[in-house]
$ cat upload.cif   # mmCIF, C-alpha atoms and all ligand atoms
data_work
#
loop_
_atom_site.label_atom_id
_atom_site.label_comp_id
_atom_site.auth_asym_id
_atom_site.auth_seq_id
_atom_site.Cartn_x
_atom_site.Cartn_y
_atom_site.Cartn_z
CA MET A 1 57.15 -10.03 272.41
CA ARG A 2 54.33 -11.34 270.30
CA ARG A 3 56.71 -11.86 267.40
CA ASN A 4 58.97 -14.01 269.61
CA ASP A 5 56.01 -16.15 270.58
CA GLU A 6 55.17 -16.65 266.94
CA ARG A 7 58.72 -17.62 266.06
CA GLU A 8 58.87 -20.10 268.90
CA ARG A 9 55.62 -21.64 267.80
CA SER A 10 56.74 -22.06 264.21
CA ASN A 11 60.11 -23.45 265.36
CA SER A 12 58.46 -26.10 267.47
CA ARG A 13 56.27 -27.00 264.48
CA MET A 14 59.37 -27.35 262.26
CA LYS A 15 60.73 -30.12 264.45
CA HIS A 16 57.85 -32.52 263.93
CA LYS A 17 56.25 -32.03 260.56
CA THR A 18 52.92 -33.62 259.94
CA ARG A 19 52.92 -36.23 257.20
CA TYR A 20 50.17 -36.50 254.62
CA ARG A 21 50.06 -38.52 251.43
CA THR A 22 48.47 -35.70 249.45
CA ILE A 23 47.55 -32.05 249.98
CA TRP A 24 45.23 -29.91 247.88
CA LEU A 25 45.13 -26.09 248.16
CA SER A 26 43.21 -23.64 246.04
CA ASP A 27 42.23 -20.00 245.68
CA ILE A 28 45.30 -18.55 247.37
CA HIS A 29 45.04 -15.32 245.33
CA LEU A 30 48.70 -14.30 245.58
CA GLY A 31 49.10 -10.79 244.22
CA THR A 32 46.18 -9.40 246.22
CA LYS A 33 46.09 -7.82 249.66
CA ASP A 34 43.35 -10.28 250.57
CA CYS A 35 45.68 -13.30 250.51
CA ARG A 36 46.21 -14.52 254.11
CA VAL A 37 49.89 -15.09 253.53
CA GLU A 38 51.08 -15.53 257.14
CA PRO A 39 49.02 -18.59 258.08
CA LEU A 40 49.74 -19.93 254.58
CA LEU A 41 53.51 -19.68 255.04
CA GLU A 42 53.21 -21.32 258.41
CA PHE A 43 51.12 -24.15 256.97
CA LEU A 44 53.51 -24.69 254.04
CA SER A 45 56.36 -25.27 256.52
CA SER A 46 54.35 -27.61 258.73
CA PHE A 47 53.94 -30.74 256.61
CA GLU A 48 55.57 -33.37 254.44
CA CYS A 49 53.71 -35.00 251.57
CA ASP A 50 54.14 -37.08 248.40
CA HIS A 51 51.71 -35.15 246.22
CA LEU A 52 50.89 -31.47 246.38
CA TYR A 53 48.14 -30.03 244.20
CA PHE A 54 47.35 -26.36 243.62
CA VAL A 55 43.79 -26.30 242.41
CA GLY A 56 43.61 -22.91 240.71
CA ASP A 57 43.55 -19.19 241.44
CA VAL A 58 46.97 -19.45 243.07
CA ILE A 59 48.19 -16.22 241.49
CA ASP A 60 45.51 -13.61 240.86
CA VAL A 61 46.59 -12.46 237.42
CA TRP A 62 43.33 -10.49 236.97
CA SER A 63 44.08 -8.41 240.01
CA LEU A 64 47.77 -7.98 239.12
CA ARG A 65 46.75 -6.64 235.73
CA ARG A 66 44.59 -4.03 237.42
CA LYS A 67 47.15 -3.12 240.03
CA TRP A 68 50.59 -4.56 240.72
CA TYR A 69 50.88 -5.90 244.26
CA TRP A 70 53.63 -8.39 245.05
CA PRO A 71 55.23 -8.13 248.52
CA THR A 72 58.25 -10.24 249.50
CA SER A 73 56.05 -12.59 251.51
CA HIS A 74 54.32 -13.64 248.29
CA ASN A 75 57.74 -14.47 246.84
CA HIS A 76 58.41 -16.59 249.92
CA VAL A 77 55.31 -18.64 249.13
CA VAL A 78 56.47 -19.32 245.57
CA ARG A 79 59.97 -20.20 246.77
CA LYS A 80 58.60 -22.58 249.44
CA ILE A 81 56.53 -24.36 246.80
CA ILE A 82 59.44 -24.79 244.37
CA LYS A 83 61.69 -26.05 247.21
CA ARG A 84 59.23 -28.91 247.85
CA ASP A 85 60.12 -30.45 244.49
CA VAL A 86 63.69 -30.92 245.69
CA LYS A 87 62.36 -32.80 248.70
CA GLY A 88 60.68 -35.31 246.37
CA THR A 89 57.14 -33.95 246.40
CA GLN A 90 55.24 -34.27 243.14
CA ILE A 91 53.65 -30.89 242.48
CA THR A 92 50.71 -30.33 240.15
CA PHE A 93 49.19 -26.98 239.25
CA ILE A 94 45.64 -26.87 237.88
CA PRO A 95 45.08 -23.26 236.71
CA GLY A 96 41.85 -21.50 237.66
CA ASN A 97 40.01 -18.58 236.08
CA HIS A 98 42.13 -15.94 237.81
CA ASP A 99 45.32 -17.57 236.51
CA GLU A 100 43.93 -19.03 233.30
CA VAL A 101 46.93 -17.74 231.29
CA PHE A 102 48.71 -20.86 232.59
CA ARG A 103 46.13 -23.10 230.90
CA ASP A 104 48.10 -22.58 227.68
CA TYR A 105 50.91 -24.59 229.29
CA ASP A 106 48.83 -27.74 229.80
CA GLY A 107 51.16 -30.74 230.09
CA MET A 108 54.34 -28.74 230.65
CA THR A 109 56.63 -28.64 233.70
CA PHE A 110 58.24 -25.55 235.23
CA GLY A 111 60.66 -25.73 238.14
CA GLY A 112 59.27 -29.14 239.09
CA VAL A 113 55.66 -27.99 238.91
CA SER A 114 53.62 -29.71 236.22
CA VAL A 115 50.65 -27.86 234.77
CA HIS A 116 47.41 -29.65 233.87
CA LYS A 117 43.90 -28.39 233.09
CA GLN A 118 42.58 -31.21 235.25
CA ALA A 119 43.90 -34.41 236.76
CA ILE A 120 42.81 -37.75 238.15
CA HIS A 121 44.32 -38.63 241.52
CA THR A 122 44.36 -42.21 242.77
CA CYS A 123 44.17 -42.44 246.56
CA ALA A 124 45.98 -45.03 248.68
CA ASP A 125 42.71 -46.99 249.07
CA GLY A 126 42.15 -47.07 245.31
CA LYS A 127 39.41 -44.46 245.00
CA ARG A 128 39.90 -42.07 242.11
CA LEU A 129 39.32 -38.33 242.39
CA LEU A 130 38.82 -35.85 239.59
CA VAL A 131 40.81 -32.68 240.36
CA LEU A 132 39.68 -29.43 238.72
CA HIS A 133 39.30 -25.77 239.65
CA GLY A 134 35.59 -25.58 238.84
CA ASP A 135 34.98 -22.26 237.11
CA GLU A 136 33.87 -24.21 234.03
CA PHE A 137 30.56 -24.76 235.85
CA ASP A 138 29.79 -21.05 236.34
CA ALA A 139 28.16 -20.75 232.96
CA VAL A 140 26.04 -23.85 233.54
CA VAL A 141 24.96 -22.73 236.98
CA THR A 142 24.18 -19.09 236.32
CA ASN A 143 23.43 -19.44 232.60
CA ALA A 144 25.01 -16.05 232.00
CA LYS A 145 28.64 -15.05 231.96
CA LEU A 146 27.65 -11.47 232.81
CA ILE A 147 26.30 -12.45 236.21
CA THR A 148 29.59 -14.19 236.92
CA ALA A 149 31.50 -11.02 236.02
CA VAL A 150 29.27 -8.81 238.18
CA GLY A 151 29.44 -11.36 240.97
CA ASP A 152 33.19 -11.31 240.78
CA TRP A 153 33.34 -7.53 240.93
CA LEU A 154 30.94 -7.45 243.87
CA TYR A 155 33.05 -10.01 245.63
CA TYR A 156 36.12 -7.77 245.34
CA VAL A 157 34.15 -4.86 246.80
CA LEU A 158 33.01 -7.08 249.66
CA LEU A 159 36.58 -8.17 250.35
CA TRP A 160 37.68 -4.55 250.31
CA ILE A 161 35.06 -3.62 252.92
CA ASN A 162 35.98 -6.76 254.81
CA ARG A 163 39.63 -5.70 255.00
CA GLY A 164 38.78 -2.34 256.56
CA LEU A 165 36.36 -3.99 258.93
CA ASN A 166 38.96 -6.46 260.11
CA GLN A 167 41.57 -3.76 260.58
CA VAL A 168 39.14 -2.13 263.02
CA ARG A 169 38.42 -5.51 264.64
CA ARG A 170 42.16 -6.05 265.07
CA LEU A 171 42.43 -2.70 266.84
CA PHE A 172 39.91 -3.99 269.36
CA ARG A 173 41.66 -7.37 269.45
CA ARG A 174 38.67 -9.14 267.92
CA PRO A 175 39.36 -12.26 265.83
CA TYR A 176 39.15 -12.25 262.03
CA TRP A 177 35.59 -12.35 260.73
CA SER A 178 34.53 -12.81 257.14
CA LEU A 179 31.80 -10.49 255.90
CA ALA A 180 31.77 -12.12 252.48
CA GLY A 181 31.41 -15.52 254.13
CA TYR A 182 28.60 -14.22 256.34
CA ILE A 183 26.68 -12.81 253.40
CA LYS A 184 27.23 -15.92 251.32
CA ASN A 185 25.78 -17.99 254.14
CA LYS A 186 22.77 -15.70 254.58
CA VAL A 187 21.70 -14.84 251.07
CA LYS A 188 19.37 -17.49 249.76
CA SER A 189 20.27 -17.10 246.11
CA ALA A 190 23.94 -17.46 246.95
CA LEU A 191 23.15 -20.67 248.80
CA GLN A 192 21.14 -21.84 245.82
CA PHE A 193 24.13 -21.12 243.59
CA VAL A 194 26.45 -23.06 245.88
CA ASN A 195 24.08 -26.03 246.04
CA ASN A 196 23.67 -26.12 242.28
CA TYR A 197 27.39 -25.68 241.75
CA GLU A 198 28.22 -28.55 244.06
CA GLY A 199 25.62 -30.70 242.33
CA TYR A 200 27.02 -30.06 238.88
CA VAL A 201 30.60 -30.70 239.97
CA ALA A 202 29.55 -33.99 241.55
CA ARG A 203 27.69 -34.95 238.39
CA ALA A 204 30.81 -34.24 236.30
CA ALA A 205 32.73 -36.60 238.58
CA ARG A 206 30.15 -39.33 238.09
CA GLU A 207 30.27 -38.83 234.33
CA ALA A 208 34.07 -39.13 234.46
CA GLY A 209 33.59 -42.51 236.15
CA VAL A 210 35.44 -41.59 239.35
CA GLN A 211 34.43 -41.81 243.01
CA GLY A 212 35.07 -38.22 244.03
CA VAL A 213 36.06 -34.72 243.03
CA ILE A 214 38.40 -32.07 244.39
CA CYS A 215 37.67 -28.50 243.35
CA GLY A 216 37.86 -24.90 244.57
CA HIS A 217 36.59 -21.67 243.02
CA ILE A 218 33.55 -20.85 245.21
CA HIS A 219 35.60 -20.29 248.40
CA ARG A 220 33.47 -22.69 250.37
CA PRO A 221 35.43 -25.50 252.01
CA GLU A 222 33.60 -28.80 252.12
CA VAL A 223 34.05 -32.55 252.36
CA ARG A 224 30.84 -34.50 252.06
CA MET A 225 29.01 -37.13 250.06
CA ILE A 226 26.70 -35.94 247.29
CA GLY A 227 24.87 -39.06 246.24
CA ASP A 228 27.67 -41.59 245.78
CA ILE A 229 30.30 -38.97 244.95
CA LEU A 230 32.76 -37.64 247.53
CA TYR A 231 32.62 -33.87 246.99
CA CYS A 232 35.66 -31.95 248.29
CA ASN A 233 36.20 -28.22 248.00
CA CYS A 234 39.59 -26.88 249.12
CA GLY A 235 38.10 -23.57 250.25
CA ASP A 236 40.54 -20.65 249.95
CA TRP A 237 43.23 -18.52 251.58
CA VAL A 238 41.24 -15.29 251.47
CA GLU A 239 38.49 -15.94 253.99
CA ASN A 240 38.85 -19.52 255.17
CA CYS A 241 42.49 -20.74 255.23
CA THR A 242 41.69 -24.38 254.51
CA ALA A 243 43.24 -27.39 252.82
CA ILE A 244 42.12 -30.87 251.85
CA VAL A 245 44.48 -33.69 252.80
CA GLU A 246 44.75 -37.40 252.12
CA HIS A 247 46.15 -39.56 254.90
CA ASP A 248 48.33 -42.60 254.21
CA ASP A 249 45.29 -44.90 254.38
CA GLY A 250 43.44 -42.86 251.73
CA ARG A 251 41.19 -41.05 254.21
CA ILE A 252 40.27 -37.53 253.09
CA GLU A 253 40.03 -34.67 255.56
CA LEU A 254 39.42 -30.93 255.52
CA LEU A 255 41.85 -28.85 257.62
CA ASP A 256 40.95 -25.45 259.05
CA LEU A 257 44.21 -23.49 259.40
CA LYS A 258 42.88 -20.03 260.19
CA HIS A 259 44.47 -19.98 263.60
CA PRO A 260 48.07 -21.12 263.29
CA GLY A 261 49.30 -23.24 266.15
CA ARG A 262 45.80 -24.52 266.77
CA HIS A 263 45.00 -27.15 264.14
CA ARG A 264 41.28 -27.58 264.10
CA LYS A 265 39.99 -30.56 262.15
CA PRO A 266 36.31 -29.89 261.58
CA THR A 267 35.21 -32.31 258.90
CA ARG A 268 35.91 -35.89 258.06
CA GLU A 269 34.35 -37.78 255.18
CA LYS A 270 30.81 -37.43 256.34
CA ALA A 271 27.55 -38.28 254.65
CA ALA A 272 25.51 -35.13 255.09
CA PRO A 273 22.21 -35.31 253.29
CA GLN A 274 21.88 -31.58 252.41
CA PRO A 275 19.22 -31.72 249.71
CA ILE A 276 19.91 -30.27 246.29
CA SER A 277 16.90 -28.14 245.48
CA ASP A 278 17.19 -27.92 241.70
CA PRO A 279 15.06 -30.78 240.36
CA ALA A 280 17.39 -31.03 237.36
CA LEU A 281 20.09 -32.22 239.75
CA GLN A 282 18.01 -34.87 241.45
CA PRO A 283 19.18 -37.70 239.15
CA LEU A 284 22.43 -37.51 241.15
CA GLY A 285 21.03 -39.79 243.83
CA HIS A 286 19.64 -42.20 241.23
CA PRO A 287 22.35 -43.21 238.79
MN MN A 301 38.21 -19.29 240.70
#
$ encode --input "upload.cif" --output "structure tokens" --more "lines below"
Ligand SMILES: [Mn+2]
Amino acid sequence: MRRNDERERSNSRMKHKTRYRTIWLSDIHLGTKDCRVEPLLEFLSSFECDHLYFVGDVIDVWSLRRKWYWPTSHNHVVRKIIKRDVKGTQITFIPGNHDEVFRDYDGMTFGGVSVHKQAIHTCADGKRLLVLHGDEFDAVVTNAKLITAVGDWLYYVLLWINRGLNQVRRLFRRPYWSLAGYIKNKVKSALQFVNNYEGYVARAAREAGVQGVICGHIHRPEVRMIGDILYCNCGDWVENCTAIVEHDDGRIELLDLKHPGRHRKPTREKAAPQPISDPALQPLGHP
């Protein structure tokens, strides 16, 4: 019964696809049980676009090396992506740290997907955006690779607990809830990390002489101004199910796609003044 409802919903979506000029997705983590593949597949069938960017950590090679996990649904995702090329979509893949093996193929094209370490995207209104995954800032932010490694391991443990927790929640028909997201929002040092990270990414964009930046990596979706730089983070398909889109007039928007069939559009290009606490980052506001 429920399955029929779902099919009907996705059929009705198929008839009128939403058009965007550009779409950016990151941190899908295919090859892990944590990838929210159902809403992803539904989203991938719901739009048309000229440019499609995958901003890193699409395939979790780290996790696959530890343990092979590749269900058919993950194949469907790859096939859906490749099929887009036939429809005239320009597809760019910016490898992240979990799929960094692909960084060796910088400048090459596979099945219509071109691989680049980073890219500059020019929007319809002329503004230029630096597109990168963002793990290159870990070392700057934490000043120690070890912390990053421990953090990464802890994150996997959190996701593992999260999965069990949500299985129980599903039993009681409670909606999905992200423990990792909750902790990240509560722990002050995590917030500090995020603030610093965002600051450094924005600074890199300014140094590159562009007006904005699109990144991923920290699984924290965001579209907001940091100083004079438009900072956009694609979020992820593990906890958040989000995407950044560019409309035909160059407007940038963050889409929340956690609940398929109910497109919530939480954030437009907004100027939120969230202060950056690290004094070293303050020059951002004063070029
Ligand atoms: Mn990453």
$ closest_atom_pairs --input "upload.cif" --of "chain A" --to "ligand MN 301 (chain A)" --cutoff "7 Å" --atoms "all atoms listed in the file" --output "CSV"
residue,atom,partner,partner_atom,distance
A:Asp27,CA,A:MN301,MN,6.4
A:Gly56,CA,A:MN301,MN,6.5
A:Asp57,CA,A:MN301,MN,5.4
A:Gly96,CA,A:MN301,MN,5.2
A:Asn97,CA,A:MN301,MN,5.0
A:His98,CA,A:MN301,MN,5.9
A:His133,CA,A:MN301,MN,6.7
A:Asp135,CA,A:MN301,MN,5.7
A:Gly216,CA,A:MN301,MN,6.8
A:His217,CA,A:MN301,MN,3.7
A:Ile218,CA,A:MN301,MN,6.7
$ residues_around --input "upload.cif" --residues "range 202-208 of chain A" --least-positions-apart "5" --cutoff "8 Å" --atoms "all atoms listed in the file" --output "ChimeraX atom specification"
/A:129-130,213,226,229-231,284
$ residues_around --input "upload.cif" --residues "Trp70 in chain A" --least-positions-apart "2" --cutoff "10 Å" --atoms "all atoms listed in the file" --output "PDB file with C-alpha atoms, keeping the file's coordinate frame"
ATOM      1  CA  LEU A  30      48.700 -14.300 245.580  1.00  0.00           C
ATOM      2  CA  GLY A  31      49.100 -10.790 244.220  1.00  0.00           C
ATOM      3  CA  THR A  32      46.180  -9.400 246.220  1.00  0.00           C
ATOM      4  CA  LYS A  33      46.090  -7.820 249.660  1.00  0.00           C
ATOM      5  CA  LEU A  64      47.770  -7.980 239.120  1.00  0.00           C
ATOM      6  CA  LYS A  67      47.150  -3.120 240.030  1.00  0.00           C
ATOM      7  CA  TRP A  68      50.590  -4.560 240.720  1.00  0.00           C
ATOM      8  CA  THR A  72      58.250 -10.240 249.500  1.00  0.00           C
ATOM      9  CA  SER A  73      56.050 -12.590 251.510  1.00  0.00           C
ATOM     10  CA  HIS A  74      54.320 -13.640 248.290  1.00  0.00           C
ATOM     11  CA  ASN A  75      57.740 -14.470 246.840  1.00  0.00           C
TER      12      ASN A  75
END
$ closest_residue --input "upload.cif" --among "A:His76, A:His121, A:Arg169, A:Lys83" --to "Trp24 in chain A" --atoms "all atoms listed in the file"
A:His121
$ closest_atom_pairs --input "upload.cif" --of "range 23-105 of chain A" --to "range 244-252 of chain A" --cutoff "12 Å" --atoms "only C-alpha atoms" --output "tab-separated table"
residue	atom	partner	partner_atom	distance
A:Ile23	CA	A:Val245	CA	4.5
A:Trp24	CA	A:Ile244	CA	5.1
A:Leu25	CA	A:Ile244	CA	6.7
A:Ser26	CA	A:Ile244	CA	9.3
A:Phe47	CA	A:Val245	CA	10.6
A:Glu48	CA	A:Val245	CA	11.2
A:Cys49	CA	A:Glu246	CA	9.3
A:Asp50	CA	A:Asp248	CA	9.9
A:His51	CA	A:Glu246	CA	9.4
A:Leu52	CA	A:Val245	CA	9.3
A:Tyr53	CA	A:Ile244	CA	9.8
A:Phe54	CA	A:Ile244	CA	10.7
A:Val55	CA	A:Ile244	CA	10.6
$ atom_distance --input "upload.cif" --atom1 "CA of Ser46 in chain A" --atom2 "CA of Gly181 in chain A"
26.3 Å
$ atom_distance --input "upload.cif" --atom1 "CA of Val78 in chain A" --atom2 "CA of Trp177 in chain A"
26.7 Å
$ atom_distance --input "upload.cif" --atom1 "CA of Asn162 in chain A" --atom2 "CA of Asp34 in chain A"
9.2 Å
$ closest_residue --input "upload.cif" --among "A:Arg19, A:Cys215, A:Ser45, A:Asn166" --to "Gln118 in chain A" --atoms "all atoms listed in the file"
A:Cys215
$ residues_around --input "upload.cif" --residues "Gly112 in chain A" --least-positions-apart "4" --cutoff "7 Å" --atoms "all atoms listed in the file" --output "VMD selection string"
chain A and resid 82 85 91
$ closest_residue --input "upload.cif" --among "A:Leu254, A:Val168, A:Val238, A:Ile28" --to "Arg224 in chain A" --atoms "only C-alpha atoms"
A:Leu254
$ closest_residue --input "upload.cif" --among "A:Thr89, A:Thr22, A:Gly134, A:Trp237" --to "Ile59 in chain A" --atoms "all atoms listed in the file"
A:Trp237
$ closest_residue --input "upload.cif" --among "A:Glu38, A:Asp138, A:Glu100, A:Asp125" --to "Arg21 in chain A" --atoms "all atoms listed in the file"
A:Asp125
$ closest_residue --input "upload.cif" --among "A:Ala119, A:Pro71, A:Phe193, A:Glu239" --to "Leu159 in chain A" --atoms "only C-alpha atoms"
A:Glu239
